[in-house]
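Below is protein07.pdb, holding PDB, C-alpha atoms.
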```
MODEL        1
ATOM      1  CA  MET A1026      66.274 -56.201 126.441
ATOM      2  CA  TYR A1027      64.566 -52.813 125.948
ATOM      3  CA  ILE A1028      66.573 -50.303 123.939
ATOM      4  CA  GLU A1029      65.434 -46.690 124.003
ATOM      5  CA  LYS A1030      65.349 -45.379 120.464
ATOM      6  CA  THR A1031      66.208 -41.871 119.305
ATOM      7  CA  PRO A1032      63.637 -40.419 116.893
ATOM      8  CA  LEU A1033      65.663 -39.207 113.937
ATOM      9  CA  ILE A1034      65.255 -37.073 110.826
ATOM     10  CA  ILE A1035      67.998 -37.574 108.242
ATOM     11  CA  ASP A1036      68.652 -34.764 105.761
ATOM     12  CA  THR A1037      70.922 -36.053 103.016
ATOM     13  CA  ASP A1038      72.226 -35.717  99.451
ATOM     14  CA  PRO A1039      73.146 -39.302  98.444
ATOM     15  CA  GLY A1040      76.066 -39.568  97.387
ATOM     16  CA  VAL A1041      78.211 -42.624  98.118
ATOM     17  CA  ASP A1042      79.155 -41.845 101.708
ATOM     18  CA  ASP A1043      75.581 -40.688 102.373
ATOM     19  CA  ALA A1044      74.279 -44.009 101.059
ATOM     20  CA  VAL A1045      76.609 -45.978 103.307
ATOM     21  CA  ALA A1046      75.560 -43.893 106.319
ATOM     22  CA  LEU A1047      71.852 -44.302 105.511
ATOM     23  CA  ILE A1048      72.132 -48.073 105.287
ATOM     24  CA  GLN A1049      73.999 -48.148 108.587
ATOM     25  CA  ALA A1050      71.280 -45.998 110.164
ATOM     26  CA  PHE A1051      68.615 -48.455 108.965
ATOM     27  CA  TYR A1052      70.195 -51.180 111.110
ATOM     28  CA  ALA A1053      71.185 -49.220 114.217
ATOM     29  CA  PRO A1054      69.088 -50.745 117.013
ATOM     30  CA  ASN A1055      68.792 -47.465 118.938
ATOM     31  CA  LEU A1056      67.532 -45.282 116.060
ATOM     32  CA  ASP A1057      63.950 -44.729 114.912
ATOM     33  CA  ILE A1058      64.105 -42.929 111.562
ATOM     34  CA  LYS A1059      60.908 -40.910 111.189
ATOM     35  CA  LEU A1060      61.726 -39.007 108.003
ATOM     36  CA  ILE A1061      64.357 -38.763 105.284
ATOM     37  CA  CYS A1062      64.744 -35.429 103.487
ATOM     38  CA  SER A1063      66.689 -35.014 100.283
ATOM     39  CA  THR A1064      68.851 -31.989  99.680
ATOM     40  CA  ALA A1065      70.762 -30.673  96.681
ATOM     41  CA  GLY A1066      74.498 -30.929  97.166
ATOM     42  CA  ASN A1067      76.531 -33.837  95.892
ATOM     43  CA  LEU A1068      74.093 -33.949  92.966
ATOM     44  CA  GLY A1069      70.894 -32.219  91.902
ATOM     45  CA  ILE A1070      67.723 -32.613  93.928
ATOM     46  CA  GLU A1071      65.965 -35.005  91.529
ATOM     47  CA  THR A1072      68.896 -37.434  91.676
ATOM     48  CA  THR A1073      69.411 -37.255  95.440
ATOM     49  CA  THR A1074      65.677 -37.744  96.029
ATOM     50  CA  ARG A1075      65.537 -40.775  93.740
ATOM     51  CA  ASN A1076      68.655 -42.237  95.372
ATOM     52  CA  ALA A1077      67.153 -41.899  98.858
ATOM     53  CA  ILE A1078      63.934 -43.568  97.727
ATOM     54  CA  HIS A1079      65.871 -46.404  96.081
ATOM     55  CA  LEU A1080      67.730 -47.187  99.294
ATOM     56  CA  CYS A1081      64.461 -47.308 101.240
ATOM     57  CA  GLU A1082      63.005 -49.677  98.664
ATOM     58  CA  LEU A1083      66.111 -51.853  98.472
ATOM     59  CA  TYR A1084      66.182 -52.297 102.242
ATOM     60  CA  GLU A1085      62.387 -52.396 102.682
ATOM     61  CA  GLN A1086      62.331 -49.353 104.933
ATOM     62  CA  ASN A1087      58.875 -47.814 105.262
ATOM     63  CA  ILE A1088      60.199 -44.302 105.839
ATOM     64  CA  PRO A1089      58.684 -41.225 104.154
ATOM     65  CA  VAL A1090      61.055 -39.321 101.876
ATOM     66  CA  ALA A1091      60.463 -35.573 101.418
ATOM     67  CA  GLN A1092      62.109 -33.632  98.616
ATOM     68  CA  GLY A1093      64.118 -30.597  99.646
ATOM     69  CA  LEU A1094      64.859 -27.272  98.026
ATOM     70  CA  PRO A1095      66.489 -27.404  94.571
ATOM     71  CA  GLY A1096      69.524 -25.400  95.623
ATOM     72  CA  PRO A1097      71.038 -23.091  98.239
ATOM     73  CA  LEU A1098      68.972 -20.331  99.816
ATOM     74  CA  TYR A1099      70.632 -17.366  98.115
ATOM     75  CA  ARG A1100      73.193 -18.683  95.637
ATOM     76  CA  ASP A1101      73.475 -21.038  92.676
ATOM     77  CA  LEU A1102      73.894 -24.775  93.168
ATOM     78  CA  GLU A1103      77.406 -26.182  92.833
ATOM     79  CA  THR A1104      77.482 -29.966  92.940
ATOM     80  CA  ALA A1105      80.441 -32.123  93.980
ATOM     81  CA  THR A1106      82.942 -32.347  91.167
ATOM     82  CA  ASN A1107      86.700 -32.763  90.848
ATOM     83  CA  PRO A1108      89.078 -33.356  87.897
ATOM     84  CA  HIS A1109      87.611 -36.886  87.547
ATOM     85  CA  GLY A1110      84.091 -35.484  87.060
ATOM     86  CA  SER A1111      81.516 -36.091  89.771
ATOM     87  CA  VAL A1112      83.040 -37.155  93.077
ATOM     88  CA  HIS A1113      80.246 -39.722  93.430
ATOM     89  CA  GLY A1114      79.949 -40.949  89.846
ATOM     90  CA  LYS A1115      77.334 -39.914  87.305
ATOM     91  CA  MET A1116      74.275 -41.065  89.275
ATOM     92  CA  GLY A1117      75.718 -40.633  92.748
ATOM     93  CA  PHE A1118      76.466 -44.225  93.676
ATOM     94  CA  GLY A1119      79.824 -44.775  92.002
ATOM     95  CA  LYS A1120      79.633 -47.787  89.701
ATOM     96  CA  TYR A1121      76.467 -49.065  91.381
ATOM     97  CA  VAL A1122      73.405 -48.564  89.170
ATOM     98  CA  TYR A1123      69.724 -49.416  89.519
ATOM     99  CA  ASP A1124      66.739 -49.415  87.163
ATOM    100  CA  GLY A1125      64.512 -46.873  88.882
ATOM    101  CA  VAL A1126      62.134 -46.444  91.799
ATOM    102  CA  LYS A1127      58.495 -47.380  92.359
ATOM    103  CA  ASN A1128      57.653 -44.767  94.966
ATOM    104  CA  SER A1129      57.582 -40.979  94.966
ATOM    105  CA  PRO A1130      58.459 -38.422  97.613
ATOM    106  CA  ILE A1131      55.631 -37.275  99.845
ATOM    107  CA  GLU A1132      53.775 -34.128  98.821
ATOM    108  CA  LEU A1133      55.106 -31.942 101.628
ATOM    109  CA  PRO A1134      58.405 -30.155 100.948
ATOM    110  CA  ALA A1135      61.222 -31.197 103.247
ATOM    111  CA  TYR A1136      61.070 -28.224 105.619
ATOM    112  CA  GLU A1137      57.318 -28.629 106.120
ATOM    113  CA  ALA A1138      57.691 -32.373 106.674
ATOM    114  CA  MET A1139      60.381 -31.663 109.274
ATOM    115  CA  HIS A1140      58.081 -29.195 111.023
ATOM    116  CA  TYR A1141      55.259 -31.727 111.351
ATOM    117  CA  ALA A1142      57.604 -34.528 112.393
ATOM    118  CA  LEU A1143      59.019 -32.358 115.174
ATOM    119  CA  GLN A1144      55.520 -31.749 116.494
ATOM    120  CA  LEU A1145      54.668 -35.454 116.384
ATOM    121  CA  TYR A1146      57.868 -36.883 117.853
ATOM    122  CA  LYS A1147      59.342 -35.262 120.941
ATOM    123  CA  GLY A1148      63.087 -35.353 121.405
ATOM    124  CA  THR A1149      63.868 -35.695 117.701
ATOM    125  CA  THR A1150      67.449 -35.352 116.488
ATOM    126  CA  ILE A1151      68.139 -33.996 113.001
ATOM    127  CA  LEU A1152      71.187 -35.466 111.251
ATOM    128  CA  VAL A1153      72.403 -33.418 108.288
ATOM    129  CA  LEU A1154      74.748 -35.116 105.811
ATOM    130  CA  GLY A1155      74.729 -32.406 103.146
ATOM    131  CA  PRO A1156      74.319 -28.626 102.961
ATOM    132  CA  LEU A1157      72.075 -27.188 105.685
ATOM    133  CA  THR A1158      69.590 -25.611 103.271
ATOM    134  CA  ASN A1159      66.469 -27.507 104.368
ATOM    135  CA  VAL A1160      67.079 -27.028 108.083
ATOM    136  CA  ALA A1161      67.736 -23.322 107.583
ATOM    137  CA  LYS A1162      64.459 -23.019 105.665
ATOM    138  CA  LEU A1163      62.678 -24.814 108.502
ATOM    139  CA  LEU A1164      64.103 -22.400 111.068
ATOM    140  CA  LEU A1165      63.314 -19.361 108.935
ATOM    141  CA  GLU A1166      59.684 -20.420 108.593
ATOM    142  CA  TYR A1167      59.271 -21.919 112.080
ATOM    143  CA  PRO A1168      61.907 -20.419 114.402
ATOM    144  CA  GLU A1169      60.108 -21.928 117.400
ATOM    145  CA  ASP A1170      61.138 -25.375 116.149
ATOM    146  CA  ALA A1171      64.690 -24.733 117.376
ATOM    147  CA  LYS A1172      63.367 -25.585 120.853
ATOM    148  CA  ARG A1173      61.672 -28.757 119.627
ATOM    149  CA  ILE A1174      64.864 -30.227 118.182
ATOM    150  CA  LYS A1175      66.888 -32.313 120.618
ATOM    151  CA  THR A1176      70.133 -31.878 118.657
ATOM    152  CA  ILE A1177      71.178 -30.931 115.157
ATOM    153  CA  VAL A1178      74.152 -33.083 114.184
ATOM    154  CA  PHE A1179      75.849 -32.146 110.951
ATOM    155  CA  MET A1180      78.877 -33.253 109.016
ATOM    156  CA  GLY A1181      80.718 -30.179 107.881
ATOM    157  CA  GLY A1182      83.631 -27.830 108.283
ATOM    158  CA  THR A1183      87.033 -28.770 109.608
ATOM    159  CA  LYS A1184      88.441 -28.866 113.114
ATOM    160  CA  GLU A1185      91.656 -27.167 111.978
ATOM    161  CA  ASN A1186      90.251 -23.841 110.727
ATOM    162  CA  VAL A1187      91.349 -21.012 113.018
ATOM    163  CA  LEU A1188      91.192 -17.274 112.560
ATOM    164  CA  MET A1189      94.915 -16.790 111.976
ATOM    165  CA  GLU A1190      95.258 -19.551 109.381
ATOM    166  CA  ASP A1191      96.414 -18.140 106.043
ATOM    167  CA  ASN A1192      94.466 -20.501 103.799
ATOM    168  CA  PRO A1193      91.507 -22.093 105.590
ATOM    169  CA  TYR A1194      89.730 -24.849 103.699
ATOM    170  CA  PRO A1195      86.207 -24.304 102.258
ATOM    171  CA  GLU A1196      84.636 -27.655 103.187
ATOM    172  CA  PHE A1197      81.881 -28.723 100.764
ATOM    173  CA  ASN A1198      78.766 -28.833 102.968
ATOM    174  CA  ILE A1199      79.584 -25.451 104.484
ATOM    175  CA  SER A1200      80.801 -23.590 101.410
ATOM    176  CA  ARG A1201      77.869 -24.637  99.163
ATOM    177  CA  ASP A1202      75.341 -22.839 101.372
ATOM    178  CA  PRO A1203      77.118 -20.811 104.075
ATOM    179  CA  GLU A1204      74.114 -18.538 104.556
ATOM    180  CA  ALA A1205      72.071 -21.582 105.589
ATOM    181  CA  VAL A1206      74.754 -22.656 108.067
ATOM    182  CA  ASP A1207      74.789 -19.181 109.587
ATOM    183  CA  ILE A1208      71.000 -19.290 110.105
ATOM    184  CA  VAL A1209      71.205 -22.691 111.808
ATOM    185  CA  LEU A1210      74.113 -21.697 114.048
ATOM    186  CA  LYS A1211      72.263 -18.568 115.216
ATOM    187  CA  SER A1212      69.003 -20.446 115.898
ATOM    188  CA  GLY A1213      69.833 -21.316 119.497
ATOM    189  CA  ALA A1214      69.391 -25.047 118.889
ATOM    190  CA  ASP A1215      71.818 -27.552 120.390
ATOM    191  CA  ILE A1216      74.305 -28.383 117.641
ATOM    192  CA  VAL A1217      77.081 -30.955 117.222
ATOM    193  CA  ILE A1218      79.542 -30.540 114.341
ATOM    194  CA  ILE A1219      81.386 -33.599 113.015
ATOM    195  CA  PRO A1220      84.208 -32.138 110.886
ATOM    196  CA  MET A1221      85.434 -33.690 107.662
ATOM    197  CA  GLU A1222      88.849 -34.825 108.950
ATOM    198  CA  PHE A1223      87.377 -37.855 110.680
ATOM    199  CA  GLY A1224      86.168 -39.213 107.334
ATOM    200  CA  HIS A1225      89.705 -39.008 105.995
ATOM    201  CA  ASN A1226      91.330 -40.565 109.057
ATOM    202  CA  ALA A1227      88.730 -43.353 109.342
ATOM    203  CA  TYR A1228      88.859 -44.188 105.639
ATOM    204  CA  ILE A1229      88.310 -47.678 104.236
ATOM    205  CA  PRO A1230      91.589 -48.775 102.616
ATOM    206  CA  GLN A1231      91.765 -50.646  99.331
ATOM    207  CA  ALA A1232      92.552 -53.965 101.029
ATOM    208  CA  GLU A1233      89.373 -53.730 103.129
ATOM    209  CA  ILE A1234      87.287 -52.607 100.150
ATOM    210  CA  LYS A1235      88.281 -55.778  98.288
ATOM    211  CA  LYS A1236      87.007 -57.895 101.191
ATOM    212  CA  LEU A1237      83.635 -56.134 101.460
ATOM    213  CA  LYS A1238      81.981 -58.147  98.706
ATOM    214  CA  SER A1239      82.596 -61.386 100.587
ATOM    215  CA  ILE A1240      80.626 -60.232 103.667
ATOM    216  CA  ASN A1241      77.079 -60.016 102.271
ATOM    217  CA  LYS A1242      74.994 -58.316  99.586
ATOM    218  CA  THR A1243      75.433 -54.911 101.209
ATOM    219  CA  GLY A1244      79.176 -55.447 101.219
ATOM    220  CA  GLU A1245      78.978 -56.100  97.472
ATOM    221  CA  ILE A1246      77.047 -52.851  97.045
ATOM    222  CA  PHE A1247      79.575 -50.877  99.097
ATOM    223  CA  HIS A1248      82.395 -52.436  97.089
ATOM    224  CA  THR A1249      80.734 -51.398  93.829
ATOM    225  CA  MET A1250      79.908 -47.887  95.053
ATOM    226  CA  TYR A1251      83.455 -47.284  96.190
ATOM    227  CA  GLN A1252      84.868 -48.104  92.751
ATOM    228  CA  ASP A1253      84.015 -44.692  91.324
ATOM    229  CA  TYR A1254      84.091 -42.638  94.525
ATOM    230  CA  LYS A1255      86.910 -40.093  94.295
ATOM    231  CA  ASP A1256      87.002 -37.896  97.393
ATOM    232  CA  GLY A1257      90.330 -36.228  96.665
ATOM    233  CA  HIS A1258      91.501 -36.210 100.296
ATOM    234  CA  VAL A1259      92.367 -39.916 100.312
ATOM    235  CA  LYS A1260      93.944 -42.109  97.639
ATOM    236  CA  ASP A1261      91.695 -42.933  94.680
ATOM    237  CA  GLU A1262      91.707 -46.596  95.710
ATOM    238  CA  ASP A1263      90.522 -45.799  99.250
ATOM    239  CA  ALA A1264      87.138 -44.537 100.464
ATOM    240  CA  ALA A1265      86.456 -41.648 102.850
ATOM    241  CA  THR A1266      83.727 -42.113 105.472
ATOM    242  CA  HIS A1267      82.563 -38.584 106.346
ATOM    243  CA  ASP A1268      78.879 -39.348 106.724
ATOM    244  CA  SER A1269      79.429 -42.682 108.444
ATOM    245  CA  CYS A1270      81.320 -40.750 111.122
ATOM    246  CA  ALA A1271      78.324 -38.461 111.598
ATOM    247  CA  ILE A1272      75.868 -41.344 111.938
ATOM    248  CA  ALA A1273      78.350 -43.036 114.291
ATOM    249  CA  TYR A1274      78.034 -40.062 116.630
ATOM    250  CA  VAL A1275      74.239 -40.336 116.668
ATOM    251  CA  ILE A1276      74.442 -44.081 117.343
ATOM    252  CA  GLU A1277      77.335 -44.085 119.820
ATOM    253  CA  PRO A1278      78.343 -40.584 120.979
ATOM    254  CA  THR A1279      80.898 -41.988 123.445
ATOM    255  CA  LEU A1280      83.164 -42.635 120.442
ATOM    256  CA  PHE A1281      83.757 -38.883 120.204
ATOM    257  CA  LYS A1282      85.269 -36.127 122.303
ATOM    258  CA  LEU A1283      83.454 -32.791 121.995
ATOM    259  CA  GLU A1284      84.408 -29.251 122.936
ATOM    260  CA  PRO A1285      82.137 -26.180 123.141
ATOM    261  CA  VAL A1286      82.886 -23.626 120.436
ATOM    262  CA  THR A1287      81.763 -20.327 119.040
ATOM    263  CA  CYS A1288      81.559 -20.061 115.270
ATOM    264  CA  GLU A1289      81.884 -17.354 112.649
ATOM    265  CA  PHE A1290      82.344 -17.111 108.900
ATOM    266  CA  ILE A1291      85.058 -15.756 106.696
ATOM    267  CA  TYR A1292      84.798 -15.650 102.920
ATOM    268  CA  ARG A1293      87.484 -16.453 100.337
ATOM    269  CA  ASN A1294      86.518 -16.138  96.668
ATOM    270  CA  ASP A1295      82.870 -16.046  97.787
ATOM    271  CA  LYS A1296      83.277 -19.433  99.503
ATOM    272  CA  GLY A1297      82.008 -19.435 103.058
ATOM    273  CA  ILE A1298      84.434 -20.963 105.543
ATOM    274  CA  LEU A1299      83.336 -21.874 109.054
ATOM    275  CA  VAL A1300      85.809 -20.920 111.768
ATOM    276  CA  SER A1301      85.443 -22.478 115.221
ATOM    277  CA  ASN A1302      86.945 -21.105 118.420
ATOM    278  CA  LEU A1303      87.024 -22.986 121.720
ATOM    279  CA  ALA A1304      84.708 -21.556 124.375
ATOM    280  CA  LYS A1305      83.899 -22.230 128.014
ATOM    281  CA  GLU A1306      80.201 -22.712 127.306
ATOM    282  CA  SER A1307      78.197 -22.902 124.105
ATOM    283  CA  ASN A1308      75.163 -24.593 122.590
ATOM    284  CA  ILE A1309      77.489 -25.566 119.723
ATOM    285  CA  LYS A1310      79.885 -28.475 120.194
ATOM    286  CA  LEU A1311      82.711 -29.500 117.855
ATOM    287  CA  ALA A1312      84.058 -33.062 117.721
ATOM    288  CA  ILE A1313      87.829 -32.909 118.166
ATOM    289  CA  ASP A1314      88.701 -36.597 118.560
ATOM    290  CA  MET A1315      87.257 -40.015 117.736
ATOM    291  CA  ASP A1316      87.850 -43.629 118.755
ATOM    292  CA  TYR A1317      88.811 -44.959 115.320
ATOM    293  CA  ALA A1318      88.922 -48.616 116.362
ATOM    294  CA  GLY A1319      85.463 -48.277 117.890
ATOM    295  CA  PHE A1320      84.216 -46.616 114.720
ATOM    296  CA  LYS A1321      85.476 -49.470 112.548
ATOM    297  CA  ASN A1322      83.819 -52.011 114.851
ATOM    298  CA  LEU A1323      80.527 -50.138 114.502
ATOM    299  CA  TYR A1324      80.907 -49.807 110.710
ATOM    300  CA  TYR A1325      81.459 -53.524 110.183
ATOM    301  CA  GLY A1326      78.966 -54.550 112.836
ATOM    302  CA  LEU A1327      76.130 -52.673 111.135
ATOM    303  CA  LEU A1328      77.252 -53.918 107.724
ATOM    304  CA  SER A1329      77.162 -57.522 108.908
ATOM    305  CA  VAL A1330      73.488 -57.369 109.977
ATOM    306  CA  SER A1331      72.149 -55.443 106.964
ATOM    307  CA  LYS A1332      69.933 -57.258 104.461
ATOM    308  CA  THR A1333      68.543 -56.175 101.130
ATOM    309  CA  LYS A1334      65.042 -57.214 100.013
ATOM    310  CA  ASP A1335      66.601 -60.017  97.950
ATOM    311  CA  GLU A1336      68.306 -61.760 100.882
TER
ENDMDL
END
```

Using the file provided, produce a representation of the structure as structure tokens.
Amino acid sequence: MYIEKTPLIIDTDPGVDDAVALIQAFYAPNLDIKLICSTAGNLGIETTTRNAIHLCELYEQNIPVAQGLPGPLYRDLETATNPHGSVHGKMGFGKYVYDGVKNSPIELPAYEAMHYALQLYKGTTILVLGPLTNVAKLLLEYPEDAKRIKTIVFMGGTKENVLMEDNPYPEFNISRDPEAVDIVLKSGADIVIIPMEFGHNAYIPQAEIKKLKSINKTGEIFHTMYQDYKDGHVKDEDAATHDSCAIAYVIEPTLFKLEPVTCEFIYRNDKGILVSNLAKESNIKLAIDMDYAGFKNLYYGLLSVSKTKDE
């Protein structure tokens, strides 16, 4: 049976939940990943780039990896930390470690690589799993590319932030480079926002994490990664799935209910906070509900067919 594939650019800062989402994307039958771009966010750019390359090598994916900018457009880099230290462990993959990588990123910087990919592959979607720095740089340098992009899907913000809320939450991907988000939102491109709450509601509980290692080698890897992954919004023994929710939308958008919104920023302690307001029409859509049972079926279905180079 013929399956039409969506050409896809993934911009990511792996990161445990990024790694899980990338592996799932590798095995989605309706995706054709043309380019992976690393971004600074969960960790520094050298680490996120190396982590992306490692996953491509481990799963024998012949996908070019382009290194992104070393930090936000106009502010200093703040990586993901909490009282435990790094949210994602020292090297970004929890307790999972690897020796190194054989390959290097391509010579083009991420925004240039995106620009050329968009010219080569019509109808390309860009999935952003970290701060929007690279995409903002692309649109600053090549504003005409906003019309070449089918959709920009990004994981960020919250669906609960409203103008009258006393203490809106500065979600990580938004607050680390709000100026970049503002550029992307004003670009005129079609945009879908997958807010962070879904990753907390569709978390993997401890009992399921224990069973992962009995599924296959990838399940063992997920199990190991989750051991040192401390999101802070779920129990330490559980694992949030923010980025898996975003890739789930790209794979199976019928799992989500979207509403058109207008967006603006407020700032608290210099942290940019994205505020969404329902609108009749807009090029920006916000996910407000998700089929959680369908998401779990997709999560485990993709896990079950994944194979490392050693299997």

Practice problem: Grab the CA of Asn1241 in chain A to CA of Phe1051 in chain A distance for me, in Å with one decimal place. | Solution: 15.8 Å

Self-check item: Residue nearest Pro1054 in chain A among A:Glu1029, A:Glu1222, A:Asp1335, A:Glu1289 (counting only C-alpha atoms)
Solution: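 The shortest atom-to-atom distance to Pro1054 in chain A comes from A:Glu1029.
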
Quiz item: Looking at A:Asp1215, A:Ala1264, A:Gln1252, A:Ile1298, which one is nearest to Val1286 in chain A, with distances taken over all atoms listed in the file?
Solution: A:Asp1215

Quiz item: What is the distance, in Å and to one decimal place, between CA of Asp1268 in chain A and CA of Thr1333 in chain A?
Solution: 20.5 Å

Quiz prompt | Residue list as an NGL selection string for point (56.0, -26.9, 112.3), cut-off 6 Å, only C-alpha atoms | solution = :A and (1140-1141 or 1167)

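Using only C-alpha atoms for every distance, the candidate list A:Cys1288, A:Val1045, A:Ile1229, A:Ile1276 yields A:Cys1288 as the residue closest to Lys1211 in chain A.
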
Quiz prompt | Expansion of the PyMOL selection byres ((chain A and resi 1318) around 12) into residues, as a count of residues only | solution = 15

Expected axis-aligned box over every listed atom of range 1163-1176 of chain A, 8 Å added per side, centre plus edges in Å to one decimal, as AutoDock Vina command-line options:
```
--center_x 64.7 --center_y -25.8 --center_z 114.7 --size_x 26.9 --size_y 29.0 --size_z 28.4
```
